[in-house]
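S.K.: One structure follows; several queries about it will come next.
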Amino acid sequence: MSYLKEKLLSSFIAFEEQKNVDSYVHGIRTKAIKKFEQEGFPTKKLENWKYTSLKKAINYDYKLFPNQSEVLEFRDIKKYLIDDIESYKIIFVDGKYCSHLSETTHDGMDICILSSALTQSKYDLIIENYFDKISKKDGITSLNTAFSSEGSYIHIPKNIQVDKPIQIIHFSTGKNESVMFQPRNLIVVDENSHLEIIERFQSINENSVFVNSVSEIYCNKKSIVKHYKIQNDNKNASLVDNTFVSQERNSSYSLHTFSFGGELTRNNLNIFQNGERIESFIRGITIIGENQHVDHNTLIHHKKPNCESYQDYKGIYYDNSVGVFNGRVLVEKEAQKTNAFQANNNVLLSDKSVINTKPQLEIFADDVKCSHGCTVGQLDKSALFYLRSRGIPKKEAMALLMYGFANKVLASVNIPEVKARVNKIIAKKLGVKMGFDI
Amino acid sequence: MSKYTEDDLKKELETKEYEYGFYTDIESDTLPMGLNEEIIVAISKKKEEPEWMTKWRLDAFKKWKEMKEPEWANVKYEKPDLQKISYYSAPSNKPKYNSLDEVDPELLETFKKLGISVNEQKKLAGVAVDVVIDSVSVATSFKDTLSEKGIIFCSMNEAIKKHPELVKKYIGTVVPKTDNYYAALNSAVFSDGSFCYIPKGVKCPMELSTYFRINEAGTGQFERTLVVADKGSYVSYLEGCSAPSRDENQLHAAVVELVALDDAEIKYSTVQNWFPGDSKGKGGVFNFVTKRGVCENNAKISWTQVETGSAVTWKYPSCILKGKNSVGEFYSIAVTNNFQQADTGTKMIHIGENSRSTIISKGISAGKSQNSYRGLVHISPRAKNSRNFSQCDSLLIGNKCGAHTFPYIETKNQSAQIEHEATTSKIGEDQIFYCNQRGIDTERAIALIVNGFSKEVLNKLPMEFAVEAQKLLEISLEGSVG
């Protein structure tokens with residue numbers, strides 16, 4: 001048994017003692033820790049983790065409940081926020097809610113934090129109906145469930161178009177120590193409501209951080225949710241991001257995942273379509289170098305007829321980086337007239353970079369249109385020559401082509417400020433200055 | 001005029017189910033059931049094998065005992081009890097026949113029923129056939145014509161005795177005896193198979209062919225094929241199989257190894273028509289086969305397979321593209337009907353520079369069957385400028401079946417170019433309507449459409465085989481409309 005697992009198991013009792021033992025979630029947590037004790041951390045032996053090893057990430061002596069050691073001021077975090085738009089903000093520092101930096105509301109809707117939702121009885125109904133209902137019961141998710149106490153809690157009632165996006169940002173400061181934290185988000189969007197979320201994990205200094213996050217998102221009928229994940233953490237950060245989305249009829253969920261930073265990033269994305277005429281769009285851009293490792297593991301489960309899903313993941317890999325794409329589309333017998341599309345395009349720019357991709361289709365219905373495409377290639381040499389012959393230096397020319405390659409995903413972002421921010425990060429990542437916006 | 005009613009058709013279909021499901025009553029020499037070291041030594045002794053071979057088998061057996069049956073495939077079945085199988089069953093009228101006249105007439109009758117009457121084949125098609133019944137080679141035709149060119153085409157058993165240096169050099173080099181559970185089992189107990197060696201620069205003048213049949217009840221078929229194409233040579237090899245209809249499940253665990261040395265080319269075609277079980281899913285052959293080829297510089301290996309039979313298929317003909325400019329190809333049609341399950345595909349391991357591979361896989365599922373494509377394209381860091389194109393299309397007939405795709409793509413070289421695409425669809429109502437309009441009934445329309453769907457692969461088969469394969473497709477899909 002790994003040291004970290006032992007530490008987690010033994011600290012669970014102390015953790016649980018501080019909490020209300022009579023509460024509804026107590027039972028869930030106790031069950032979950034047992035599950036984690038059985039399964040432990042995933043290893044490469046599991047088919048789903050074949051290409052990604054957590055060995056290194058779980059090898060540190062993480063502090064599990066860091067004391068908030070540093071008080072962050074707005075100026076410290078400004079650059080990590082998308083500050084040129086109005087937005088709600090839910091900000092956590094070292095796993096603890098930071099009220100003076102946040103901007104929450106209870107006016108007609110609840111945009112607040114999970115710890116208060118778990119302890120106040122007026123939220124019981126939502127918690128009992130939605131908490132831990134769709135998350136997978138595997139080792140790593142159960143671990144989060146067992147320690148779930150803080151994170152964002154968002155409940156949008158019927159017919160509300162949330163006026164501004166919500167930014168959820170987790171900072172870690174861990175003064176001179178490695179920290180591990182396990183945020184838990186619960187997002188419920190009721191009938192006919194609209195919501196936009198921007199999510200980010202950021203460590204402020206160079207200590208190692210291991211984040212194991214779980215988000216449960218419920219899109220009730222006719223709701224529209226747009227979700228953006230910006231993953232541009234420091235080199236010493238490891239992130240396992242588990243997202244579970246449950247969609248009811250006529251709802252639409254769209255997710256953009258921008259993975260540029262972190263040592264190890266693993267995105268487990270599971271979308272369950274429970275009704276008819278549902279749309280799910282998931283897209284991603286991955287640009288990594290050095291020894292970075294990014295793994296996208298997606299599942300779209302089509303259960304009912306007339307639904308659509310669309311996946312488009314682009315990856316650019318430098319140096320010794322490793323990219324993994326494991327996309328699974330499951331179409332059940334009942335889900336006739338499903339339209340599912342899956343694309344994964346990759347560019348390798350170094351002899352030592354590796355891409356492992358596994359786009360899977362599992363289809364049990366006959367009247368469906370399902371296809372997937374997957375490519376691995378290089379930048380077009382003649383296009384590069386064309387640009388260079390017009391006086392554009394090689395580096396810029398290459399960057400230009402890569403922009404073009406990733407643009408299809410970027411173009412579908414509909415908050416201009418988010419697009420601009422991602423553009424900036426890409427330019428920085430590619431080491432060029434772009435004199436234009438795309 | 002009496003009307004041809006639906007009941008008649010139903011009756012006809014029921015009786016037509018599996019044409020090759022007859023059982024030939026030949027006296028055969030079967031070892032007691034079970035698997036242990038004594039049995040392996042007994043098999044080896046029966047085959048009059050040299051000591052190194054016996055050792056090789058025992059070694060494989062030792063390793064096998066430590067292995068576990070693989071469970072990752074997308075198939076569900078009751079695991080065969082390996083202790084309840086007889087590992088050796090041979091038509092007893094040994095020794096070898098000099099000419100066909102001496103062959104047991106009942107055996108000849110079997111060939112006739114199969115439509116591969118050795119005599120006829122000899123005259124008409126010019127195909128040299130090696131027939132393996134219950135894993136023992138019983139007849140090899142055209143030996144003399146071939147030996148003039150220096151081509152060795154004989155049973156594995158004979159090769160071990162007559163050409164031990166060749167067998168020793170190549171056996172187990174492509175599929176190591178510990179490669180996987182079934183390959184190890186095969187290495188321990190294989191009873192016979194075919195061996196083929198094409199000398200340097202020789203183009204084999206005719207198609208070589210092996211025909212496999214499981215006859216005896218309660219036996220497993222474990223044959224081993226080894227094809228070695230020396231530098232600059234060419235050979236086209238065909239393989240066909242069938243088994244009698246039985247209620248129980250039979251096990252077929254074969255190993256095929258291909259070695260293509262520099263500039264050589266091997267074309268290996270299979271029409272697999274093992275008994276698929278009846279329409280209720282009872283009986284049928286478990287087909288767990290390991291097939292692999294290795295390509296040296298400029299060599300080419302091309303696998304073509306038409307899979308219509310077997311209750312459970314678990315088969316991944318693979319190419320190790322070791323040499324520079326080597327080429328691997330995989331063309332496959334897998335048809336599943338009723339309760340059949342197939343998990344099949346290929347592995348293309350690119351090691352050499354400029355290696356290229358093409359994968360075309362067509363899966364057709366009907367009835368309550370499950371059809372999976374599982375493939376791996378691996379580009380190692382040294383494989384500069386390697387190229388792969390994969391296409392997997394699935395066709396679903398009816399809404400009780402399933403089609404699945406599991407492609408694995410691992411790229412460790414930046415200059416590689418890989419394309420993979422897959423589609424799943426059903427036969428369009430408009431397509432059938434179009435055919436109906438022109439007086440083609442639905443059953444035939446489906447055959448027509450399926451034929452068109454699989455054309456790309458059918459075209460790759462040698463002529464005689466293509467005709468047979470087409471017929472097979474039709475038979476296997478009969479009764480799937482509705």
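As shown in the structure tokens, the chain order sets the letters A, B, ...; within each chain, residues go from 1, and ligands are also counted from 1 in the order they appear.
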Give me the residues near stretch 34-38 of chain B as a PyMOL selection string, where near means some atom within 6 Å (using only C-alpha atoms) and where sequence neighbours in that chain fewer than 2 positions away do not count.
M.R.: chain B and resi 40-42+83-85
S.K.: Can you write out the residues you just picked, keeping N, CA and C atoms, as an mmCIF file, in the first residue's frame?
M.R.:
```cif
data_model
loop_
_atom_site.group_PDB
_atom_site.id
_atom_site.type_symbol
_atom_site.label_atom_id
_atom_site.label_comp_id
_atom_site.auth_asym_id
_atom_site.auth_seq_id
_atom_site.Cartn_x
_atom_site.Cartn_y
_atom_site.Cartn_z
ATOM 1 N N ILE B 40 1.419 -34.571 -23.189
ATOM 2 C CA ILE B 40 2.278 -33.847 -24.126
ATOM 3 C C ILE B 40 3.390 -34.756 -24.635
ATOM 4 N N VAL B 41 3.981 -35.510 -23.713
ATOM 5 C CA VAL B 41 5.029 -36.451 -24.145
ATOM 6 C C VAL B 41 4.430 -37.486 -25.097
ATOM 7 N N ALA B 42 3.195 -37.905 -24.793
ATOM 8 C CA ALA B 42 2.554 -38.902 -25.646
ATOM 9 C C ALA B 42 2.318 -38.363 -27.055
ATOM 10 N N GLN B 83 -9.536 -29.463 -19.375
ATOM 11 C CA GLN B 83 -9.226 -30.842 -18.992
ATOM 12 C C GLN B 83 -10.211 -31.821 -19.630
ATOM 13 N N LYS B 84 -11.247 -31.279 -20.265
ATOM 14 C CA LYS B 84 -12.251 -32.167 -20.847
ATOM 15 C C LYS B 84 -12.095 -32.262 -22.360
ATOM 16 N N ILE B 85 -10.924 -31.917 -22.818
ATOM 17 C CA ILE B 85 -10.686 -31.947 -24.251
ATOM 18 C C ILE B 85 -9.632 -32.997 -24.536
#
```
S.K.: For A:His194, find every residue with an atom within 9 Å (counting only C-alpha atoms), except residues of its own chain fewer than 4 positions away, and show them as a VMD selection string.
M.R.: chain A and resid 156 159 to 163 189 to 190 223 to 226
S.K.: Hey, what's within 9 Å of stretch 381-387 of chain A if we count only C-alpha atoms and toss same-chain stuff fewer than 3 positions away? As a PyMOL selection string, please?
M.R.: chain A and resi 378+390-394+397-398+401
S.K.: Env of stretch 48-54 of chain A: 9 Å cut, atoms = only C-alpha atoms, seq-sep filter 5 positions within chain, self excluded. Answer as a ChimeraX atom specification.
M.R.: /A:41-43,59,238,264,266,293-295,297,323-324,326,356
S.K.: Got time to write the residues from that selection, N, CA and C atoms, as a JSON list (two decimals), in the first residue's frame?
M.R.:
```json
[["chain", "number", "residue", "atom", "x", "y", "z"],
["A", 41, "PHE", "N", -5.44, 3.79, -5.36],
["A", 41, "PHE", "CA", -5.22, 4.64, -6.52],
["A", 41, "PHE", "C", -5.19, 3.77, -7.76],
["A", 42, "PRO", "N", -5.66, 4.29, -8.87],
["A", 42, "PRO", "CA", -5.63, 3.50, -10.11],
["A", 42, "PRO", "C", -4.19, 3.24, -10.57],
["A", 43, "THR", "N", -3.98, 2.08, -11.14],
["A", 43, "THR", "CA", -2.66, 1.76, -11.67],
["A", 43, "THR", "C", -2.76, 1.53, -13.16],
["A", 59, "ASN", "N", 3.58, 10.08, -4.88],
["A", 59, "ASN", "CA", 4.80, 9.72, -4.17],
["A", 59, "ASN", "C", 5.24, 10.77, -3.16],
["A", 238, "SER", "N", -0.11, 18.39, -10.17],
["A", 238, "SER", "CA", -0.79, 17.27, -10.79],
["A", 238, "SER", "C", -2.28, 17.42, -10.54],
["A", 264, "LEU", "N", 1.12, 16.72, -14.62],
["A", 264, "LEU", "CA", 0.25, 15.64, -15.03],
["A", 264, "LEU", "C", -1.19, 16.12, -14.95],
["A", 266, "ARG", "N", -5.10, 14.81, -15.77],
["A", 266, "ARG", "CA", -5.94, 13.74, -16.23],
["A", 266, "ARG", "C", -7.38, 14.23, -16.15],
["A", 293, "HIS", "N", 2.34, 15.74, -19.16],
["A", 293, "HIS", "CA", 1.51, 14.59, -19.53],
["A", 293, "HIS", "C", 0.04, 15.01, -19.42],
["A", 294, "VAL", "N", -0.68, 14.91, -20.49],
["A", 294, "VAL", "CA", -2.10, 15.24, -20.44],
["A", 294, "VAL", "C", -2.91, 14.07, -20.97],
["A", 295, "ASP", "N", -3.92, 13.69, -20.23],
["A", 295, "ASP", "CA", -4.75, 12.55, -20.60],
["A", 295, "ASP", "C", -6.22, 12.98, -20.60],
["A", 297, "ASN", "N", -9.86, 11.53, -20.91],
["A", 297, "ASN", "CA", -10.63, 10.30, -20.92],
["A", 297, "ASN", "C", -12.10, 10.68, -20.94],
["A", 323, "GLY", "N", 0.83, 12.70, -24.70],
["A", 323, "GLY", "CA", -0.60, 13.00, -24.79],
["A", 323, "GLY", "C", -1.40, 11.72, -24.88],
["A", 324, "VAL", "N", -2.53, 11.71, -24.23],
["A", 324, "VAL", "CA", -3.39, 10.54, -24.29],
["A", 324, "VAL", "C", -4.81, 11.00, -24.59],
["A", 326, "ASN", "N", -8.55, 9.13, -24.82],
["A", 326, "ASN", "CA", -9.30, 7.89, -24.75],
["A", 326, "ASN", "C", -10.78, 8.25, -24.75],
["A", 356, "ASN", "N", -0.79, 8.68, -27.47],
["A", 356, "ASN", "CA", -1.53, 7.42, -27.45],
["A", 356, "ASN", "C", -3.00, 7.77, -27.57]]
```
S.K.: Out of A:Phe272, A:Gln167, A:Lys314, A:Lys352, which residue has the shortest atom-to-atom distance to A:Arg328 when counting only C-alpha atoms?
M.R.: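 Ranking A:Phe272, A:Gln167, A:Lys314, A:Lys352 by distance to A:Arg328, first place goes to A:Phe272.
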S.K.: Excluding same-chain residues fewer than 6 positions from B:Trp303, what lies within 9 Å of it counting only C-alpha atoms, as a PyMOL selection string?
M.R.: chain B and resi 266-270+317-319+328-332
S.K.: Set out as CSV a contact list for chain A and chain B with a cut-off of 10 Å, giving each residue of chain A that qualifies its closest atom pair and distance in Å to one decimal, counting only C-alpha atoms, ordered by chain and rising residue number.
M.R.:
```
residue,atom,partner,partner_atom,distance
A:Glu47,CA,B:Trp72,CA,8.6
A:Tyr51,CA,B:Glu410,CA,9.6
A:Tyr317,CA,B:Gln414,CA,9.1
A:Tyr318,CA,B:Gln414,CA,9.4
A:Asn320,CA,B:Lys412,CA,10.0
A:Val322,CA,B:Lys412,CA,9.1
A:Gly323,CA,B:Thr411,CA,9.7
A:Val324,CA,B:Glu410,CA,9.0
A:Phe325,CA,B:Ile409,CA,9.5
A:Asn326,CA,B:Tyr408,CA,8.9
A:Gly327,CA,B:Phe406,CA,9.8
A:Arg328,CA,B:Phe406,CA,8.9
A:Val329,CA,B:His404,CA,9.6
A:Leu330,CA,B:His404,CA,9.0
A:Val331,CA,B:Gly402,CA,9.3
A:Glu332,CA,B:Gly402,CA,9.2
A:Lys333,CA,B:Asn399,CA,6.6
A:Glu334,CA,B:Asn399,CA,8.7
A:Gln336,CA,B:Asn399,CA,8.8
A:Ala340,CA,B:Thr424,CA,9.9
A:Phe341,CA,B:Thr423,CA,9.4
A:Gln342,CA,B:Ala422,CA,9.7
A:Ala343,CA,B:Glu421,CA,9.0
A:Asn344,CA,B:His420,CA,9.6
A:Asn345,CA,B:Glu419,CA,9.2
A:Asn346,CA,B:Ile418,CA,9.5
A:Val347,CA,B:Gln414,CA,7.7
A:Leu348,CA,B:Gln414,CA,4.7
A:Leu349,CA,B:Gln414,CA,5.7
A:Ser350,CA,B:Gln414,CA,5.5
A:Asp351,CA,B:Gln414,CA,5.1
A:Lys352,CA,B:Lys412,CA,6.6
A:Ser353,CA,B:Lys412,CA,6.1
A:Val354,CA,B:Lys412,CA,4.5
A:Ile355,CA,B:Thr411,CA,5.1
A:Asn356,CA,B:Glu410,CA,4.2
A:Thr357,CA,B:Ile409,CA,4.9
A:Lys358,CA,B:Tyr408,CA,4.6
A:Pro359,CA,B:Pro407,CA,6.2
A:Gln360,CA,B:Phe406,CA,4.7
A:Leu361,CA,B:Thr405,CA,4.9
A:Glu362,CA,B:His404,CA,4.2
A:Ile363,CA,B:Ala403,CA,5.1
A:Phe364,CA,B:Gly402,CA,4.1
A:Ala365,CA,B:Asn399,CA,5.2
A:Asp366,CA,B:Asn399,CA,5.1
A:Asp367,CA,B:Lys426,CA,5.9
A:Val368,CA,B:Ser425,CA,5.9
A:Lys369,CA,B:Ser425,CA,5.7
A:Cys370,CA,B:Thr424,CA,5.3
A:Ser371,CA,B:Thr423,CA,4.2
A:His372,CA,B:Ala422,CA,5.2
A:Gly373,CA,B:Glu421,CA,4.2
A:Cys374,CA,B:His420,CA,4.9
A:Thr375,CA,B:Glu419,CA,4.4
A:Val376,CA,B:Ile418,CA,4.8
A:Gly377,CA,B:Gln417,CA,4.6
A:Gln378,CA,B:Ser415,CA,6.6
A:Leu379,CA,B:Ser415,CA,9.9
```
S.K.: Can you spit out the residues from that selection as a PDB file, in the first residue's frame, using C-alpha atoms?
M.R.:
```
ATOM      1  CA  GLU A  47      -7.564  -0.463 -18.995  1.00  0.00           C
ATOM      2  CA  TYR A  51      -1.254   5.152 -20.550  1.00  0.00           C
ATOM      3  CA  TYR A 317       3.159  18.019 -28.397  1.00  0.00           C
ATOM      4  CA  TYR A 318       6.714  19.257 -27.909  1.00  0.00           C
ATOM      5  CA  ASN A 320       9.179  14.787 -24.022  1.00  0.00           C
ATOM      6  CA  VAL A 322       2.959  12.623 -23.625  1.00  0.00           C
ATOM      7  CA  GLY A 323      -0.595  13.001 -24.787  1.00  0.00           C
ATOM      8  CA  VAL A 324      -3.394  10.535 -24.291  1.00  0.00           C
ATOM      9  CA  PHE A 325      -6.876  10.590 -25.717  1.00  0.00           C
ATOM     10  CA  ASN A 326      -9.297   7.890 -24.746  1.00  0.00           C
ATOM     11  CA  GLY A 327     -12.740   8.711 -26.027  1.00  0.00           C
ATOM     12  CA  ARG A 328     -15.652   6.384 -25.661  1.00  0.00           C
ATOM     13  CA  VAL A 329     -19.062   6.724 -27.221  1.00  0.00           C
ATOM     14  CA  LEU A 330     -21.656   4.298 -25.957  1.00  0.00           C
ATOM     15  CA  VAL A 331     -24.963   4.067 -27.785  1.00  0.00           C
ATOM     16  CA  GLU A 332     -27.618   1.957 -26.118  1.00  0.00           C
ATOM     17  CA  LYS A 333     -30.209  -0.111 -27.902  1.00  0.00           C
ATOM     18  CA  GLU A 334     -32.925   2.405 -27.263  1.00  0.00           C
ATOM     19  CA  GLN A 336     -31.988   5.220 -32.175  1.00  0.00           C
ATOM     20  CA  ALA A 340     -22.271  10.994 -32.653  1.00  0.00           C
ATOM     21  CA  PHE A 341     -19.054  12.406 -33.951  1.00  0.00           C
ATOM     22  CA  GLN A 342     -15.596  12.161 -32.502  1.00  0.00           C
ATOM     23  CA  ALA A 343     -12.372  13.681 -33.803  1.00  0.00           C
ATOM     24  CA  ASN A 344      -8.897  13.683 -32.357  1.00  0.00           C
ATOM     25  CA  ASN A 345      -6.122  15.387 -34.304  1.00  0.00           C
ATOM     26  CA  ASN A 346      -2.552  15.512 -33.120  1.00  0.00           C
ATOM     27  CA  VAL A 347       0.687  17.125 -34.159  1.00  0.00           C
ATOM     28  CA  LEU A 348       3.972  15.781 -32.847  1.00  0.00           C
ATOM     29  CA  LEU A 349       6.834  18.242 -32.940  1.00  0.00           C
ATOM     30  CA  SER A 350       9.630  16.280 -31.338  1.00  0.00           C
ATOM     31  CA  ASP A 351      11.080  12.832 -31.692  1.00  0.00           C
ATOM     32  CA  LYS A 352      10.539  12.166 -28.030  1.00  0.00           C
ATOM     33  CA  SER A 353       6.947  13.213 -27.757  1.00  0.00           C
ATOM     34  CA  VAL A 354       4.376  10.483 -27.602  1.00  0.00           C
ATOM     35  CA  ILE A 355       0.702  10.329 -28.396  1.00  0.00           C
ATOM     36  CA  ASN A 356      -1.532   7.424 -27.451  1.00  0.00           C
ATOM     37  CA  THR A 357      -5.028   7.651 -28.727  1.00  0.00           C
ATOM     38  CA  LYS A 358      -7.929   5.288 -28.474  1.00  0.00           C
ATOM     39  CA  PRO A 359     -11.224   6.504 -29.883  1.00  0.00           C
ATOM     40  CA  GLN A 360     -13.837   3.866 -29.151  1.00  0.00           C
ATOM     41  CA  LEU A 361     -17.340   3.336 -30.392  1.00  0.00           C
ATOM     42  CA  GLU A 362     -19.685   0.879 -28.738  1.00  0.00           C
ATOM     43  CA  ILE A 363     -22.955   0.732 -30.541  1.00  0.00           C
ATOM     44  CA  PHE A 364     -26.033  -1.338 -29.817  1.00  0.00           C
ATOM     45  CA  ALA A 365     -28.583   0.523 -31.937  1.00  0.00           C
ATOM     46  CA  ASP A 366     -28.817   0.135 -35.681  1.00  0.00           C
ATOM     47  CA  ASP A 367     -30.296   3.398 -36.887  1.00  0.00           C
ATOM     48  CA  VAL A 368     -27.457   5.677 -35.890  1.00  0.00           C
ATOM     49  CA  LYS A 369     -24.843   7.818 -37.491  1.00  0.00           C
ATOM     50  CA  CYS A 370     -21.609   7.423 -35.604  1.00  0.00           C
ATOM     51  CA  SER A 371     -18.180   8.163 -36.859  1.00  0.00           C
ATOM     52  CA  HIS A 372     -14.783   8.966 -35.542  1.00  0.00           C
ATOM     53  CA  GLY A 373     -11.619  10.204 -37.073  1.00  0.00           C
ATOM     54  CA  CYS A 374      -8.186  10.336 -35.631  1.00  0.00           C
ATOM     55  CA  THR A 375      -4.964  11.597 -37.110  1.00  0.00           C
ATOM     56  CA  VAL A 376      -1.354  12.016 -36.126  1.00  0.00           C
ATOM     57  CA  GLY A 377       0.786  14.139 -38.376  1.00  0.00           C
ATOM     58  CA  GLN A 378       3.081  17.091 -38.827  1.00  0.00           C
ATOM     59  CA  LEU A 379       2.713  20.653 -39.962  1.00  0.00           C
TER      60      LEU A 379
END
```
S.K.: I'd like the contact shell of stretch 36-38 of chain A - 10 Å cut-off, only C-alpha atoms, skipping same-chain residues fewer than 3 positions apart - returned as a list in words.
M.R.: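 These residues fall inside the cut-off: Met1, Lys5, Glu6, Leu8, Leu9, Lys31, Ala32, Ile33, Phe41, Lys137, Asp138, Gly139, Ile140, Thr141, Ser142, Leu143, Asn144, Thr145 and Ala146 of chain A.
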S.K.: Export, as a short mmCIF file (atom, residue, chain, number, x, y, z; two decimals), in the first residue's frame, the selected residues with N, CA and C atoms.
M.R.:
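Saved the output as out.cif:
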```cif
data_model
loop_
_atom_site.label_atom_id
_atom_site.label_comp_id
_atom_site.auth_asym_id
_atom_site.auth_seq_id
_atom_site.Cartn_x
_atom_site.Cartn_y
_atom_site.Cartn_z
N MET A 1 0.84 -1.19 0.00
CA MET A 1 0.00 0.00 0.00
C MET A 1 0.88 1.24 0.00
N LYS A 5 -1.78 6.50 0.54
CA LYS A 5 -3.07 5.85 0.78
C LYS A 5 -3.27 5.60 2.28
N GLU A 6 -2.20 5.12 2.90
CA GLU A 6 -2.26 4.87 4.34
C GLU A 6 -2.59 6.14 5.11
N LEU A 8 -4.05 8.79 4.02
CA LEU A 8 -5.41 9.23 3.75
C LEU A 8 -6.40 8.44 4.60
N LEU A 9 -6.19 7.12 4.62
CA LEU A 9 -7.11 6.27 5.37
C LEU A 9 -7.10 6.62 6.85
N LYS A 31 -18.98 5.06 3.27
CA LYS A 31 -19.01 4.04 2.22
C LYS A 31 -17.87 4.27 1.22
N ALA A 32 -17.67 5.55 0.90
CA ALA A 32 -16.68 5.91 -0.11
C ALA A 32 -15.26 5.58 0.36
N ILE A 33 -14.99 5.82 1.65
CA ILE A 33 -13.62 5.55 2.11
C ILE A 33 -13.35 4.05 2.06
N PHE A 41 -5.44 3.79 -5.36
CA PHE A 41 -5.22 4.64 -6.52
C PHE A 41 -5.19 3.77 -7.76
N LYS A 137 -18.11 5.14 -9.00
CA LYS A 137 -17.67 4.64 -7.70
C LYS A 137 -16.31 3.95 -7.83
N ASP A 138 -15.41 4.57 -8.54
CA ASP A 138 -14.06 3.99 -8.63
C ASP A 138 -13.18 4.57 -7.53
N GLY A 139 -11.94 4.08 -7.44
CA GLY A 139 -11.07 4.45 -6.34
C GLY A 139 -10.88 5.95 -6.19
N ILE A 140 -10.50 6.58 -7.29
CA ILE A 140 -10.08 7.98 -7.20
C ILE A 140 -11.27 8.91 -6.91
N THR A 141 -12.42 8.61 -7.49
CA THR A 141 -13.61 9.42 -7.22
C THR A 141 -14.10 9.19 -5.80
N SER A 142 -14.06 7.94 -5.37
CA SER A 142 -14.49 7.63 -4.00
C SER A 142 -13.63 8.36 -2.99
N LEU A 143 -12.36 8.47 -3.30
CA LEU A 143 -11.45 9.19 -2.40
C LEU A 143 -11.93 10.62 -2.22
N ASN A 144 -12.31 11.25 -3.33
CA ASN A 144 -12.81 12.61 -3.23
C ASN A 144 -14.11 12.65 -2.44
N THR A 145 -14.99 11.69 -2.73
CA THR A 145 -16.28 11.66 -2.04
C THR A 145 -16.08 11.55 -0.52
N ALA A 146 -15.13 10.70 -0.13
CA ALA A 146 -14.88 10.50 1.29
C ALA A 146 -14.46 11.80 1.97
#
```
S.K.: Can you work out which one of A:Lys221, A:Lys164, A:Lys429, A:Arg75 has the shortest atom-to-atom distance to A:Thr104, counting only C-alpha atoms?
M.R.: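 Among the listed residues, A:Lys164 lies closest to A:Thr104.
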S.K.: Find the residues near stretch 469-474 of chain B: any atom within 7 Å, counting only C-alpha atoms, skip ones fewer than 4 places away on the same chain, and give them as a list in words.
M.R.: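 Listed by chain and then number, they are Val271, Val306, Ala447, Phe465 and Glu478 of chain B.
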S.K.: Using the selection just defined, write its residues with N, CA and C atoms as a compact mmCIF listing (two decimals), in the first residue's frame.
M.R.:
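Saved the output as result.txt:
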```
# COMPACT_ATOMS: atom_id res chain seq x y z
N VAL B 271 -10.49 -18.01 -45.19
CA VAL B 271 -11.95 -17.97 -45.15
C VAL B 271 -12.33 -18.86 -43.99
N VAL B 306 -11.89 -13.50 -44.22
CA VAL B 306 -13.35 -13.43 -44.23
C VAL B 306 -13.80 -14.31 -43.08
N ALA B 447 -28.13 -8.83 -49.53
CA ALA B 447 -26.91 -9.50 -50.01
C ALA B 447 -26.14 -8.58 -50.94
N PHE B 465 -11.46 -18.03 -54.17
CA PHE B 465 -11.87 -17.74 -52.81
C PHE B 465 -12.91 -16.64 -52.77
N GLU B 478 -28.47 -15.03 -44.19
CA GLU B 478 -29.82 -15.45 -44.51
C GLU B 478 -30.70 -15.43 -43.26
```
S.K.: To one decimal place, how far is atom CA of B:Leu477 from atom CA of B:Ile446 in Å?
M.R.: 8.5 Å
S.K.: Kindly give the distance, in Å, that separates atom CA of A:His155 and atom CA of A:Ser193, rounded to a single decimal.
M.R.: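 Rounded to one decimal, the two atoms are 10.4 Å apart.
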S.K.: Using DSSP assignments from the backbone, pull out every residue in stretch 233-315 of chain B that falls under strand (DSSP E) and give it to me as a PyMOL selection string.
M.R.: chain B and resi 234-242+249-252+255-260+265-272+284-295+300-307+312-315
S.K.: Between A:Asn232, A:Ser2, A:Ser149, A:Ser102, which is the closest to A:Ile28 once you count only C-alpha atoms?
M.R.: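 Among A:Asn232, A:Ser2, A:Ser149, A:Ser102, it is A:Ser149 that comes nearest to A:Ile28.
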